[in-house]
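What follows is the content of input.txt (compact mmCIF, C-alpha atoms).
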# COMPACT_ATOMS: atom_id res chain seq x y z
CA MET A 1 66.51 -42.45 -59.96
CA SER A 2 65.10 -40.74 -63.02
CA GLU A 3 61.42 -40.90 -63.92
CA LEU A 4 62.28 -43.20 -66.85
CA ASP A 5 64.18 -45.60 -64.60
CA LYS A 6 61.28 -45.61 -62.13
CA ARG A 7 58.86 -46.56 -64.90
CA ARG A 8 61.21 -49.28 -66.11
CA GLU A 9 61.56 -50.65 -62.59
CA SER A 10 57.78 -50.68 -62.26
CA ILE A 11 57.50 -52.68 -65.48
CA ASN A 12 60.19 -55.08 -64.21
CA GLU A 13 58.10 -55.76 -61.10
CA ILE A 14 54.98 -56.31 -63.20
CA ASP A 15 56.92 -58.65 -65.51
CA LYS A 16 58.14 -60.61 -62.48
CA LYS A 17 54.55 -61.09 -61.30
CA MET A 18 53.49 -62.02 -64.81
CA ALA A 19 56.31 -64.59 -65.03
CA HIS A 20 55.10 -66.26 -61.83
CA LEU A 21 51.49 -66.16 -63.06
CA PHE A 22 52.52 -67.56 -66.44
CA GLU A 23 54.33 -70.42 -64.73
CA GLU A 24 51.22 -71.15 -62.62
CA ARG A 25 49.09 -71.02 -65.75
CA MET A 26 51.28 -73.51 -67.60
CA VAL A 27 51.10 -75.92 -64.65
CA GLU A 28 47.32 -75.87 -65.11
CA VAL A 29 47.75 -76.25 -68.87
CA LYS A 30 49.81 -79.41 -68.24
CA ALA A 31 47.10 -80.77 -65.93
CA ILE A 32 44.51 -80.12 -68.63
CA ALA A 33 46.73 -81.88 -71.20
CA ASP A 34 46.85 -84.95 -68.93
CA ILE A 35 43.05 -84.98 -68.69
CA LYS A 36 42.65 -84.57 -72.46
CA MET A 37 45.08 -87.43 -73.02
CA LYS A 38 43.13 -89.76 -70.72
CA GLU A 39 39.73 -88.80 -72.10
CA GLY A 40 40.73 -88.56 -75.75
CA LEU A 41 39.70 -84.91 -76.06
CA PRO A 42 41.05 -82.63 -78.81
CA ILE A 43 43.39 -79.77 -77.98
CA LEU A 44 41.45 -77.39 -80.20
CA ASN A 45 38.20 -75.92 -78.87
CA LYS A 46 37.38 -72.97 -81.10
CA ASP A 47 34.18 -71.96 -79.30
CA ARG A 48 35.89 -71.92 -75.90
CA GLU A 49 38.82 -69.90 -77.25
CA GLU A 50 36.51 -67.26 -78.70
CA ALA A 51 34.50 -67.11 -75.46
CA LEU A 52 37.71 -66.83 -73.42
CA ILE A 53 38.99 -63.91 -75.48
CA LYS A 54 35.63 -62.12 -75.32
CA LYS A 55 35.41 -62.56 -71.56
CA ASN A 56 38.98 -61.50 -70.77
CA VAL A 57 38.88 -58.46 -73.05
CA SER A 58 35.91 -57.22 -71.03
CA TYR A 59 38.30 -56.76 -68.08
CA ILE A 60 40.22 -54.10 -70.02
CA SER A 61 38.75 -50.63 -69.54
CA ASN A 62 41.18 -48.81 -71.81
CA ASP A 63 39.76 -49.09 -75.34
CA GLU A 64 43.07 -47.93 -76.81
CA ILE A 65 44.89 -51.09 -75.70
CA LYS A 66 42.11 -53.67 -76.14
CA GLU A 67 43.36 -54.75 -79.58
CA TYR A 68 46.85 -55.25 -78.15
CA TYR A 69 45.43 -57.39 -75.37
CA ILE A 70 43.52 -59.52 -77.88
CA ASP A 71 46.81 -60.22 -79.69
CA PHE A 72 48.43 -61.03 -76.34
CA LEU A 73 45.65 -63.48 -75.47
CA LYS A 74 45.76 -65.18 -78.86
CA ASN A 75 49.50 -65.69 -78.53
CA GLU A 76 49.06 -67.04 -75.00
CA ILE A 77 46.43 -69.52 -76.23
CA GLU A 78 48.69 -70.69 -79.06
CA LEU A 79 51.54 -71.24 -76.60
CA SER A 80 49.22 -73.24 -74.36
CA LYS A 81 48.11 -75.43 -77.27
CA GLU A 82 51.72 -75.93 -78.33
CA TYR A 83 52.68 -76.95 -74.77
CA GLN A 84 49.71 -79.33 -74.51
CA SER A 85 50.66 -80.87 -77.85
CA LEU A 86 54.27 -81.34 -76.69
CA ILE A 87 53.14 -83.02 -73.45
CA ILE A 88 50.64 -85.31 -75.15
CA SER A 89 53.04 -86.20 -77.97
CA SER A 90 55.60 -87.41 -75.43
CA ILE A 91 53.11 -89.93 -74.03
CA GLY A 92 52.50 -93.12 -75.93
CA ASN A 93 53.72 -92.08 -79.38
CA ASN A 94 54.41 -95.10 -81.54
CA VAL A 95 55.94 -95.68 -84.95
CA ILE A 96 55.15 -98.74 -87.04
CA HIS A 97 57.45 -99.35 -89.99
CA VAL A 98 56.10 -100.88 -93.17
CA LYS A 99 59.42 -102.28 -94.32
CA GLY A 100 60.80 -100.57 -97.38
CA LYS A 101 57.66 -98.48 -97.81
CA TYR A 102 56.71 -95.87 -95.21
CA ASP A 103 56.22 -95.16 -91.51
CA ILE A 104 52.94 -94.98 -89.62
CA HIS A 105 53.10 -92.45 -86.77
CA ILE A 106 50.52 -92.88 -84.01
CA GLY A 107 50.12 -90.27 -81.29
CA ARG A 108 47.69 -88.01 -79.54
CA SER A 109 47.59 -84.51 -81.08
CA ILE A 110 50.08 -85.47 -83.78
CA ILE A 111 47.94 -83.42 -86.20
CA TYR A 112 49.44 -80.26 -84.66
CA ARG A 113 52.97 -81.28 -85.64
CA ILE A 114 52.71 -82.39 -89.25
CA LYS A 115 55.95 -80.68 -90.27
CA GLU A 116 57.83 -83.26 -88.16
CA TYR A 117 56.58 -86.01 -90.48
CA ILE A 118 55.58 -84.32 -93.75
CA ASP A 119 57.85 -82.36 -96.08
CA ILE A 120 55.86 -79.13 -96.36
CA GLU A 121 58.62 -76.71 -97.36
CA ASN A 122 58.94 -75.11 -100.81
CA ARG A 123 56.09 -77.03 -102.40
CA LYS A 124 52.36 -76.76 -103.02
CA ILE A 125 50.23 -79.09 -100.96
CA LEU A 126 46.62 -79.94 -101.68
CA ILE A 127 44.54 -80.97 -98.66
CA ILE A 128 41.68 -83.20 -99.77
CA SER A 129 38.79 -83.63 -97.36
CA ASP A 130 35.05 -84.26 -97.32
CA SER A 131 32.12 -82.14 -96.22
CA ASN A 132 31.72 -83.99 -92.90
CA ILE A 133 35.22 -83.29 -91.58
CA PRO A 134 35.20 -80.51 -88.96
CA LYS A 135 36.57 -77.28 -90.42
CA GLU A 136 38.79 -76.97 -87.36
CA TYR A 137 40.76 -80.07 -88.40
CA ILE A 138 41.27 -78.68 -91.89
CA GLU A 139 42.44 -75.36 -90.45
CA ILE A 140 44.90 -77.06 -88.09
CA VAL A 141 46.59 -78.70 -91.08
CA ARG A 142 46.22 -75.79 -93.52
CA THR A 143 47.74 -73.16 -91.21
CA GLN A 144 50.94 -75.22 -90.83
CA ILE A 145 51.54 -75.14 -94.58
CA LYS A 146 52.79 -72.00 -96.32
CA ASP A 147 51.48 -72.85 -99.81
CA SER A 148 48.29 -74.81 -99.14
CA TYR A 149 45.18 -75.53 -101.21
CA VAL A 150 41.95 -77.21 -100.10
CA PHE A 151 39.60 -79.46 -102.09
CA ILE A 152 36.41 -80.56 -100.36
CA PHE A 153 34.00 -83.07 -101.86
CA GLU A 154 30.55 -84.24 -100.75
CA ALA A 155 30.86 -86.88 -98.03
CA GLY A 156 29.77 -90.44 -98.79
CA GLU A 157 30.63 -93.50 -100.86
CA LYS A 158 28.83 -92.00 -103.86
CA SER A 159 31.69 -89.50 -104.19
CA LYS A 160 34.20 -92.29 -104.65
CA SER A 161 33.59 -91.94 -108.35
CA ILE A 162 35.25 -91.17 -111.65
CA GLU A 163 33.62 -87.71 -111.56
CA THR A 164 35.17 -86.73 -108.21
CA TYR A 165 38.50 -88.20 -109.24
CA LEU A 166 38.53 -86.12 -112.45
CA SER A 167 37.56 -83.00 -110.48
CA ILE A 168 40.63 -83.48 -108.29
CA GLU A 169 42.89 -83.97 -111.31
CA LYS A 170 41.43 -80.84 -112.90
CA PHE A 171 42.02 -78.86 -109.68
CA LEU A 172 45.66 -79.98 -109.58
CA LEU A 173 46.16 -79.03 -113.22
CA GLU A 174 44.45 -75.63 -112.95
CA ASN A 175 46.59 -74.73 -109.93
CA ASN A 176 49.81 -75.75 -111.69
CA PHE A 177 50.81 -78.59 -109.39
CA ASN A 178 53.97 -80.36 -110.52
CA ARG A 179 55.88 -83.54 -109.63
CA HIS A 180 57.53 -81.80 -106.68
CA ASP A 181 54.17 -81.04 -105.01
CA ALA A 182 52.03 -83.25 -102.80
CA ILE A 183 48.58 -84.28 -101.61
CA ILE A 184 47.41 -84.76 -98.02
CA ALA A 185 44.29 -86.82 -97.46
CA LEU A 186 42.40 -85.68 -94.35
CA GLY A 187 39.37 -87.87 -93.82
CA GLY A 188 38.05 -91.41 -93.84
CA GLY A 189 38.51 -94.31 -96.21
CA VAL A 190 36.79 -92.66 -99.16
CA THR A 191 39.09 -89.64 -98.86
CA GLY A 192 42.19 -91.80 -98.59
CA ASP A 193 41.26 -94.00 -101.55
CA LEU A 194 40.34 -91.04 -103.75
CA SER A 195 43.34 -88.92 -102.79
CA GLY A 196 45.79 -91.78 -103.19
CA PHE A 197 44.43 -92.68 -106.61
CA ALA A 198 44.59 -89.04 -107.74
CA ALA A 199 48.17 -88.77 -106.46
CA SER A 200 49.18 -92.04 -108.15
CA THR A 201 48.00 -90.91 -111.58
CA TYR A 202 48.69 -87.16 -111.64
CA MET A 203 51.91 -86.67 -113.62
CA ARG A 204 52.45 -90.44 -113.13
CA GLY A 205 52.67 -90.01 -109.37
CA ILE A 206 53.19 -87.25 -106.81
CA ASP A 207 53.80 -87.52 -103.07
CA PHE A 208 50.84 -88.54 -100.97
CA TYR A 209 50.36 -88.35 -97.18
CA ASN A 210 47.42 -89.76 -95.27
CA ILE A 211 45.84 -88.40 -92.08
CA PRO A 212 42.87 -90.70 -91.40
CA THR A 213 40.06 -89.31 -89.26
CA SER A 214 37.77 -92.34 -88.91
CA LEU A 215 38.47 -95.51 -86.94
CA LEU A 216 37.89 -97.58 -90.07
CA SER A 217 40.57 -95.74 -92.02
CA MET A 218 42.96 -95.68 -89.06
CA VAL A 219 42.97 -99.44 -88.48
CA ASP A 220 42.55 -100.62 -92.04
CA SER A 221 42.07 -98.65 -95.24
CA SER A 222 44.88 -96.11 -94.73
CA VAL A 223 47.46 -98.90 -94.42
CA GLY A 224 48.52 -101.00 -97.37
CA GLY A 225 48.78 -98.72 -100.39
CA LYS A 226 45.47 -99.62 -101.99
CA THR A 227 43.83 -96.70 -103.77
CA GLY A 228 40.83 -96.52 -106.05
CA ILE A 229 37.26 -95.66 -106.92
CA ASP A 230 33.97 -97.46 -107.48
CA PHE A 231 32.78 -97.87 -111.05
CA ASN A 232 29.57 -99.16 -112.66
CA GLY A 233 28.24 -100.12 -109.24
CA VAL A 234 31.28 -102.26 -108.39
CA LYS A 235 33.30 -101.24 -105.33
CA ASN A 236 37.02 -100.47 -105.78
CA ILE A 237 37.10 -101.95 -109.28
CA VAL A 238 39.34 -99.16 -110.66
CA GLY A 239 42.49 -98.33 -108.72
CA SER A 240 46.19 -98.77 -108.11
CA PHE A 241 48.73 -99.81 -105.51
CA PHE A 242 50.43 -96.58 -104.43
CA SER A 243 52.13 -96.17 -101.07
CA PRO A 244 51.88 -92.94 -99.08
CA LYS A 245 55.06 -91.22 -97.95
CA ALA A 246 53.76 -91.37 -94.36
CA ILE A 247 50.59 -91.94 -92.36
CA LEU A 248 49.74 -89.84 -89.31
CA ILE A 249 47.19 -91.29 -86.90
CA ASP A 250 45.79 -89.08 -84.15
CA PRO A 251 43.26 -90.92 -81.93
CA ASN A 252 42.01 -87.55 -80.65
CA LEU A 253 40.31 -87.02 -84.02
CA LEU A 254 37.87 -89.78 -83.08
CA SER A 255 36.25 -87.48 -80.51
CA THR A 256 33.99 -86.00 -83.21
CA LEU A 257 33.23 -89.34 -84.93
CA PRO A 258 29.57 -90.45 -84.66
CA ILE A 259 29.12 -93.61 -82.58
CA ARG A 260 27.74 -95.55 -85.55
CA GLU A 261 30.85 -94.84 -87.62
CA PHE A 262 33.08 -95.63 -84.64
CA ASN A 263 31.46 -99.04 -84.27
CA ALA A 264 31.67 -99.66 -88.02
CA GLY A 265 35.41 -99.02 -87.84
CA LEU A 266 35.69 -101.37 -84.91
CA ALA A 267 34.35 -104.13 -87.17
CA GLU A 268 37.62 -104.08 -89.14
CA ALA A 269 39.62 -104.43 -85.91
CA ILE A 270 37.38 -107.37 -84.97
CA LYS A 271 38.08 -108.87 -88.40
CA MET A 272 41.85 -108.67 -87.96
CA ALA A 273 41.67 -109.97 -84.40
CA SER A 274 39.52 -112.90 -85.57
CA THR A 275 42.13 -114.02 -88.08
CA PHE A 276 45.42 -113.10 -86.40
CA ASN A 277 45.23 -112.04 -82.75
CA PRO A 278 43.06 -113.78 -80.12
CA ASP A 279 44.30 -111.40 -77.40
CA LEU A 280 43.09 -108.39 -79.36
CA PHE A 281 39.75 -110.13 -79.90
CA SER A 282 39.47 -110.73 -76.14
CA LEU A 283 40.29 -107.08 -75.44
CA ILE A 284 37.48 -105.88 -77.73
CA GLU A 285 35.17 -108.63 -76.48
CA ASN A 286 35.67 -107.84 -72.77
CA SER A 287 36.39 -104.10 -72.75
CA ASN A 288 34.31 -102.11 -70.29
CA ASP A 289 35.15 -98.87 -72.08
CA ILE A 290 36.34 -99.32 -75.64
CA TYR A 291 37.14 -95.59 -75.95
CA LYS A 292 39.75 -95.91 -73.20
CA ASP A 293 41.18 -99.01 -74.87
CA ILE A 294 41.09 -97.61 -78.40
CA ASP A 295 44.78 -96.61 -78.56
CA LYS A 296 45.80 -100.24 -78.01
CA VAL A 297 43.13 -101.48 -80.44
CA ILE A 298 44.45 -99.12 -83.13
CA TYR A 299 48.09 -100.01 -82.50
CA GLU A 300 47.56 -103.78 -82.46
CA SER A 301 45.31 -103.68 -85.54
CA ILE A 302 47.83 -101.66 -87.53
CA LYS A 303 50.63 -103.99 -86.49
CA ILE A 304 48.67 -106.86 -88.06
CA LYS A 305 47.88 -104.95 -91.24
CA ALA A 306 51.43 -103.62 -91.61
CA LYS A 307 53.00 -107.06 -91.17
CA VAL A 308 50.68 -108.62 -93.73
CA VAL A 309 51.34 -105.81 -96.22
CA GLU A 310 55.10 -106.21 -95.80
CA ILE A 311 54.83 -109.87 -96.72
CA ASP A 312 52.26 -109.49 -99.49
CA ALA A 313 52.09 -105.96 -100.90
CA LYS A 314 49.83 -106.74 -103.86
CA GLU A 315 47.47 -109.37 -102.47
CA LYS A 316 49.03 -112.42 -104.10
CA GLY A 317 48.64 -114.59 -100.99
CA LEU A 318 48.57 -113.73 -97.28
CA ARG A 319 46.98 -110.32 -97.76
CA SER A 320 43.80 -111.95 -98.98
CA VAL A 321 43.21 -113.07 -95.37
CA LEU A 322 42.32 -109.46 -94.62
CA ASN A 323 39.25 -110.03 -96.80
CA PHE A 324 37.56 -112.11 -94.10
CA GLY A 325 33.92 -111.04 -94.25
CA HIS A 326 34.40 -109.04 -97.44
CA THR A 327 33.14 -111.53 -100.04
CA ILE A 328 29.52 -111.25 -98.95
CA GLY A 329 30.05 -108.01 -97.01
CA HIS A 330 31.09 -105.99 -100.06
CA ALA A 331 28.04 -107.28 -101.92
CA PHE A 332 25.79 -106.28 -99.01
CA GLU A 333 27.37 -102.83 -98.96
CA SER A 334 26.88 -102.31 -102.71
CA SER A 335 23.29 -103.56 -102.70
CA SER A 336 22.35 -101.44 -99.69
CA LYS A 337 22.88 -98.23 -101.71
CA GLY A 338 24.35 -96.52 -98.66
CA SER A 339 22.07 -97.84 -95.92
CA LEU A 340 24.90 -100.07 -94.66
CA LEU A 341 28.27 -98.62 -93.70
CA HIS A 342 31.32 -100.58 -94.88
CA GLY A 343 32.13 -101.94 -91.43
CA GLU A 344 28.51 -102.89 -90.78
CA ALA A 345 28.43 -104.89 -94.01
CA ILE A 346 31.75 -106.61 -93.27
CA ALA A 347 30.56 -107.47 -89.75
CA LEU A 348 27.59 -109.35 -91.21
CA GLY A 349 29.78 -110.93 -93.89
CA MET A 350 32.07 -112.55 -91.31
CA LEU A 351 29.25 -114.63 -89.87
CA TYR A 352 28.83 -116.67 -93.07
CA PHE A 353 32.38 -118.03 -92.98
CA SER A 354 32.80 -118.78 -89.27
CA SER A 355 32.60 -122.06 -87.40
CA LYS A 356 29.77 -122.53 -84.92
CA ASP A 357 31.95 -121.60 -81.91
CA VAL A 358 33.47 -118.56 -83.63
CA LYS A 359 30.07 -117.44 -84.82
CA GLU A 360 28.72 -117.54 -81.26
CA ARG A 361 31.54 -115.32 -80.00
CA LEU A 362 31.30 -113.02 -83.00
CA ILE A 363 27.55 -112.52 -82.54
CA LYS A 364 28.09 -111.50 -78.91
CA VAL A 365 30.78 -109.01 -79.87
CA LEU A 366 28.80 -107.62 -82.80
CA ASP A 367 25.72 -107.30 -80.58
CA LYS A 368 27.82 -105.41 -78.03
CA TYR A 369 28.77 -102.80 -80.62
CA ASN A 370 25.44 -102.74 -82.47
CA LEU A 371 26.88 -104.43 -85.56
CA ASN A 372 24.59 -107.44 -85.81
CA ASN A 373 21.59 -105.84 -87.44
CA PRO A 374 19.36 -107.87 -89.82
CA TYR A 375 19.73 -106.93 -93.48
CA GLU A 376 17.15 -107.88 -96.08
CA TYR A 377 18.65 -108.60 -99.47
CA ASP A 378 17.93 -110.10 -102.85
CA LYS A 379 19.95 -113.31 -103.13
CA ASN A 380 20.34 -113.10 -106.91
CA GLU A 381 21.58 -109.52 -106.71
CA ILE A 382 24.15 -110.47 -104.06
CA LEU A 383 25.42 -113.37 -106.15
CA SER A 384 25.64 -111.14 -109.22
CA LEU A 385 27.75 -108.63 -107.29
CA ILE A 386 29.98 -111.39 -105.93
CA SER A 387 30.52 -112.68 -109.46
CA HIS A 388 32.36 -109.42 -110.22
CA ASP A 389 34.55 -109.88 -107.18
CA LYS A 390 38.25 -109.26 -107.80
CA LYS A 391 39.04 -112.34 -105.72
CA SER A 392 37.52 -114.78 -108.23
CA GLU A 393 39.84 -117.36 -109.80
CA ASN A 394 38.85 -119.96 -112.42
CA ASP A 395 35.15 -119.52 -111.72
CA LYS A 396 35.80 -119.94 -108.00
CA ILE A 397 35.68 -117.25 -105.35
CA LYS A 398 38.52 -117.12 -102.82
CA VAL A 399 37.01 -116.91 -99.32
CA ILE A 400 38.52 -116.72 -95.85
CA LYS A 401 37.13 -118.97 -93.14
CA VAL A 402 37.74 -118.83 -89.39
CA ASP A 403 37.32 -122.03 -87.42
CA GLU A 404 39.08 -120.71 -84.31
CA ILE A 405 39.69 -117.13 -83.19
CA GLY A 406 43.19 -116.06 -84.22
CA THR A 407 43.42 -118.50 -87.13
CA TYR A 408 42.26 -118.59 -90.75
CA LYS A 409 41.76 -120.93 -93.67
CA ILE A 410 41.68 -120.07 -97.39
CA ASP A 411 39.06 -121.84 -99.48
CA TYR A 412 37.59 -121.57 -102.98
CA LEU A 413 33.84 -121.77 -103.45
CA SER A 414 31.62 -121.63 -106.51
CA LEU A 415 28.81 -119.10 -106.70
CA SER A 416 26.29 -121.84 -106.11
CA GLU A 417 28.14 -122.93 -102.96
CA ILE A 418 28.13 -119.35 -101.67
CA GLY A 419 24.44 -119.16 -102.58
CA GLU A 420 23.77 -122.09 -100.25
CA LEU A 421 25.17 -120.03 -97.37
CA LEU A 422 22.87 -117.08 -98.04

The structure in this file should be written as C-alpha cells.
Amino acid sequence: MSELDKRRESINEIDKKMAHLFEERMVEVKAIADIKMKEGLPILNKDREEALIKKNVSYISNDEIKEYYIDFLKNEIELSKEYQSLIISSIGNNVIHVKGKYDIHIGRSIIYRIKEYIDIENRKILIISDSNIPKEYIEIVRTQIKDSYVFIFEAGEKSKSIETYLSIEKFLLENNFNRHDAIIALGGGVTGDLSGFAASTYMRGIDFYNIPTSLLSMVDSSVGGKTGIDFNGVKNIVGSFFSPKAILIDPNLLSTLPIREFNAGLAEAIKMASTFNPDLFSLIENSNDIYKDIDKVIYESIKIKAKVVEIDAKEKGLRSVLNFGHTIGHAFESSSKGSLLHGEAIALGMLYFSSKDVKERLIKVLDKYNLNNPYEYDKNEILSLISHDKKSENDKIKVIKVDEIGTYKIDYLSLSEIGELL
C-alpha cells in the first residue's frame, strides 16, 4: 500500500468515527428539539452559539486550521437548527383557510421555513419591524431572502401614524419597489396594520405577508384584512381592507414577549371565547399553565376569527361581534395616552356590557391574568372619543353584549345611555 493510500485509509477511519459521532449528536439534537417544543423555546440562541464556537475552537492547537474548524462548526450548527426545525414543524402544524382569501399557517419554528409559504424568489422584499423586535428574528427572516430590505420604526402606538406610513412609502419608492415586489410585516399589531396599509396603497397594492410576533396580533389583529393608522387622536380611523397573501404564526416567538404584553394579547382570546366558544373560555379560565396551553388557545381563537371574517369580510354584520369590549375599551386606550395596552383596555371594556353572571366570571379570569386594573378617566373625554366611533349608526352606537358565555347580542345605545354605564 502506497503512502497516499495509507493516508486515505486513515482518513476513511476518521470519517467513519465522525459519522458515528455525528449520528449520536443528531440524536441529542432531536431530544433537544422535543424539549424546546414542549417548553416553547426558540431554536435560535445566538449567545450560546457564539460561546460554543469559542469554546470548541480552543481545543484546536493548530492555528493554521482554526479558521477551517470555525467554518465546520458553523455548518454543523446550521444543520442542527435545520434538523430541529424539521422535527418541530412535523409536530402540531396546522393550516386554517380563510375561504377565498389566504391561508394561516401555525407551527413551531415556522419562521425558519418562510420560503415554503412566501414567494421570495426574483423579487425585492421589504421586512418591516419595530425597535422592540429581537434582531435575531429579523435576521432569521432576512437571511432566507436573496434581495431583502429592512425598515425599522420606533415601537409603540404613536408610530401608527401618517408620518411613519409616509416614511415607508418613501422607502419603497427610493428603493425602486414595483408591483411584483412584496412586504413582510414582522411584529405586533401596529406593525401589521402599518405594513398592510402601506402595501395596500403603494402602486395600488403589492403583496403583503404577515408574521405576527405578539399574542395579540397572532389571535386577532393579523387575521381579517384590516389595515390602517391612527389620525387626529382617533384609533384606526384611516385604513383599508387588504388581505395578506399568507400569515405565518410561530408560537415560539412568544418566548421573548414580556408577560404584560402576553396577558394583554390573552384578553382578545378571552373576548372571542366570551362571544363564541365556552370551551375555550373554560380552558383559559381553568388553565394551570397558560403557556403550555397557548398553542390550543391560538388555534381556537384564530378559528373563530377566520370563520367570522369568511362570513363578513367588511364588518357589515357578524364581524361586529368581535368588537365586544371595544366601544369603551378603544376610548380608554386613546385617553390613556399609552398607559393602557390595547388588550388591557379591551379587557376593562368588556365588563360594561356583560350580565351579572358573565361579569363575575370575567372578573375572576381578568384578575388571574392581571387584566382587571382600575383606570381613572374623564367621563366626558371618553364619551367624546366614543362619538367618533366607526360603529355609530343614526346617532346610536352599536355595542355587543354578552349575557351568557359563548353567546352575544347586538344592541344600539345612545351616548347618554353609554354614559350611564360609566

* Structure fact -> Shortest contact to A:Ile145, candidates A:Ile114, A:Val95, A:Leu172, A:Leu166, atoms counted only C-alpha atoms, goes to A:Ile114

* Smallest atom-to-atom distance to A:Leu52: which of A:Ala264, A:Leu21, A:Leu73, A:Val321, using all atoms listed in the file? -> A:Leu73

* Asked: With all atoms listed in the file as the atoms that count, which of A:Ala313, A:Leu385, A:Val358, A:Ile259 lies nearest to A:Gly100?
  ->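 Among A:Ala313, A:Leu385, A:Val358, A:Ile259, it is A:Ala313 that comes nearest to A:Gly100.
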
* Spatial neighbours of stretch 129-135 of chain A, 8 Å, all atoms listed in the file, chain gap at least 5 places, as a VMD selection string -> chain A and resid 150 to 155 185 to 187 191

Save the residues we just selected, C-alpha atoms, as a PDB file, in the frame of the given file?
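The resulting file, selection_24.pdb, is reproduced below:
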ATOM      1  CA  VAL A 150      41.950 -77.210-100.100  1.00  0.00           C
ATOM      2  CA  PHE A 151      39.600 -79.460-102.090  1.00  0.00           C
ATOM      3  CA  ILE A 152      36.410 -80.560-100.360  1.00  0.00           C
ATOM      4  CA  PHE A 153      34.000 -83.070-101.860  1.00  0.00           C
ATOM      5  CA  GLU A 154      30.550 -84.240-100.750  1.00  0.00           C
ATOM      6  CA  ALA A 155      30.860 -86.880 -98.030  1.00  0.00           C
ATOM      7  CA  ALA A 185      44.290 -86.820 -97.460  1.00  0.00           C
ATOM      8  CA  LEU A 186      42.400 -85.680 -94.350  1.00  0.00           C
ATOM      9  CA  GLY A 187      39.370 -87.870 -93.820  1.00  0.00           C
ATOM     10  CA  THR A 191      39.090 -89.640 -98.860  1.00  0.00           C
TER      11      THR A 191
END

* Looking at all atoms listed in the file, which of A:Tyr369, A:Tyr377, A:Tyr68, A:Phe22 is the one that sits closest to A:Asn288? ->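 Using all atoms listed in the file, A:Asn288 sits closest to A:Tyr369.
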
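Of note, atom CA of A:Tyr412 and atom CA of A:Ser336 are spaced 25.5 Å apart.
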
* **Residues near A:Asn176, cut-off 12 Å, only C-alpha atoms, skip fewer than 3 positions along chain, as a ChimeraX atom specification** => /A:123-126,149,169-173,179-182,202-203

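For the atom pair formed by atom CA of A:Leu79 and atom CA of A:Arg25, the distance is 11.1 Å, given to one decimal.
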
Give as a compact mmCIF listing (two decimals) with C-alpha atoms, keeping the file's coordinate frame the set of residues within 9 Å of the point (40.0, -92.1, -89.5), where distances use the file's coordinates and all atoms listed in the file.
# COMPACT_ATOMS: atom_id res chain seq x y z
CA LEU A 186 42.40 -85.68 -94.35
CA GLY A 187 39.37 -87.87 -93.82
CA GLY A 188 38.05 -91.41 -93.84
CA GLY A 189 38.51 -94.31 -96.21
CA ILE A 211 45.84 -88.40 -92.08
CA PRO A 212 42.87 -90.70 -91.40
CA THR A 213 40.06 -89.31 -89.26
CA SER A 214 37.77 -92.34 -88.91
CA LEU A 215 38.47 -95.51 -86.94
CA LEU A 216 37.89 -97.58 -90.07
CA SER A 217 40.57 -95.74 -92.02
CA MET A 218 42.96 -95.68 -89.06
CA VAL A 219 42.97 -99.44 -88.48
CA SER A 221 42.07 -98.65 -95.24
CA SER A 222 44.88 -96.11 -94.73
CA ILE A 249 47.19 -91.29 -86.90
CA ASP A 250 45.79 -89.08 -84.15
CA PRO A 251 43.26 -90.92 -81.93
CA LEU A 253 40.31 -87.02 -84.02
CA LEU A 254 37.87 -89.78 -83.08
CA LEU A 257 33.23 -89.34 -84.93
CA GLY A 265 35.41 -99.02 -87.84

Which residues of stretch 317-405 of chain A sit at most 6 Å from stretch 267-281 of chain A, using all atoms listed in the file? Give each one's shortest atom pair and distance in Å (one decimal place), in chain and ascending residue order, as JSON lines.
{"residue": "A:Gly343", "atom": "CA", "partner": "A:Ala267", "partner_atom": "CA", "distance": 5.3}
{"residue": "A:Ala347", "atom": "CA", "partner": "A:Ala267", "partner_atom": "CA", "distance": 5.7}
{"residue": "A:Ile405", "atom": "CA", "partner": "A:Ser274", "partner_atom": "CA", "distance": 4.9}

* To do: May I ask for the distance between atom CA of A:Lys314 and atom CA of A:Glu381, given in Å to one decimal place?
  =>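 One can read the atom CA of A:Lys314 to atom CA of A:Glu381 distance as 28.5 Å.
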
* To do: Quick one: residues within 12 Å of (52.0, -99.8, -101.0) (file frame), counting all atoms listed in the file, please, as JSON, numbers by chain.
  => {"A": [98, 99, 100, 101, 102, 103, 196, 197, 200, 208, 221, 222, 223, 224, 225, 226, 227, 240, 241, 242, 243, 244, 245, 246, 247, 305, 306, 308, 309, 310, 311, 312, 313, 314, 315]}

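Proximity ranking of A:Leu266, A:Val141, A:Ile229, A:Leu322 relative to A:Asp293 places A:Leu266 first, based on only C-alpha atoms.
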
* Pick from A:Ile400, A:Asp63, A:Leu4, A:Tyr83 nearest to A:Ala31, counting all atoms listed in the file ->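 When distances to A:Ala31 are compared using all atoms listed in the file, the smallest one comes from A:Tyr83.
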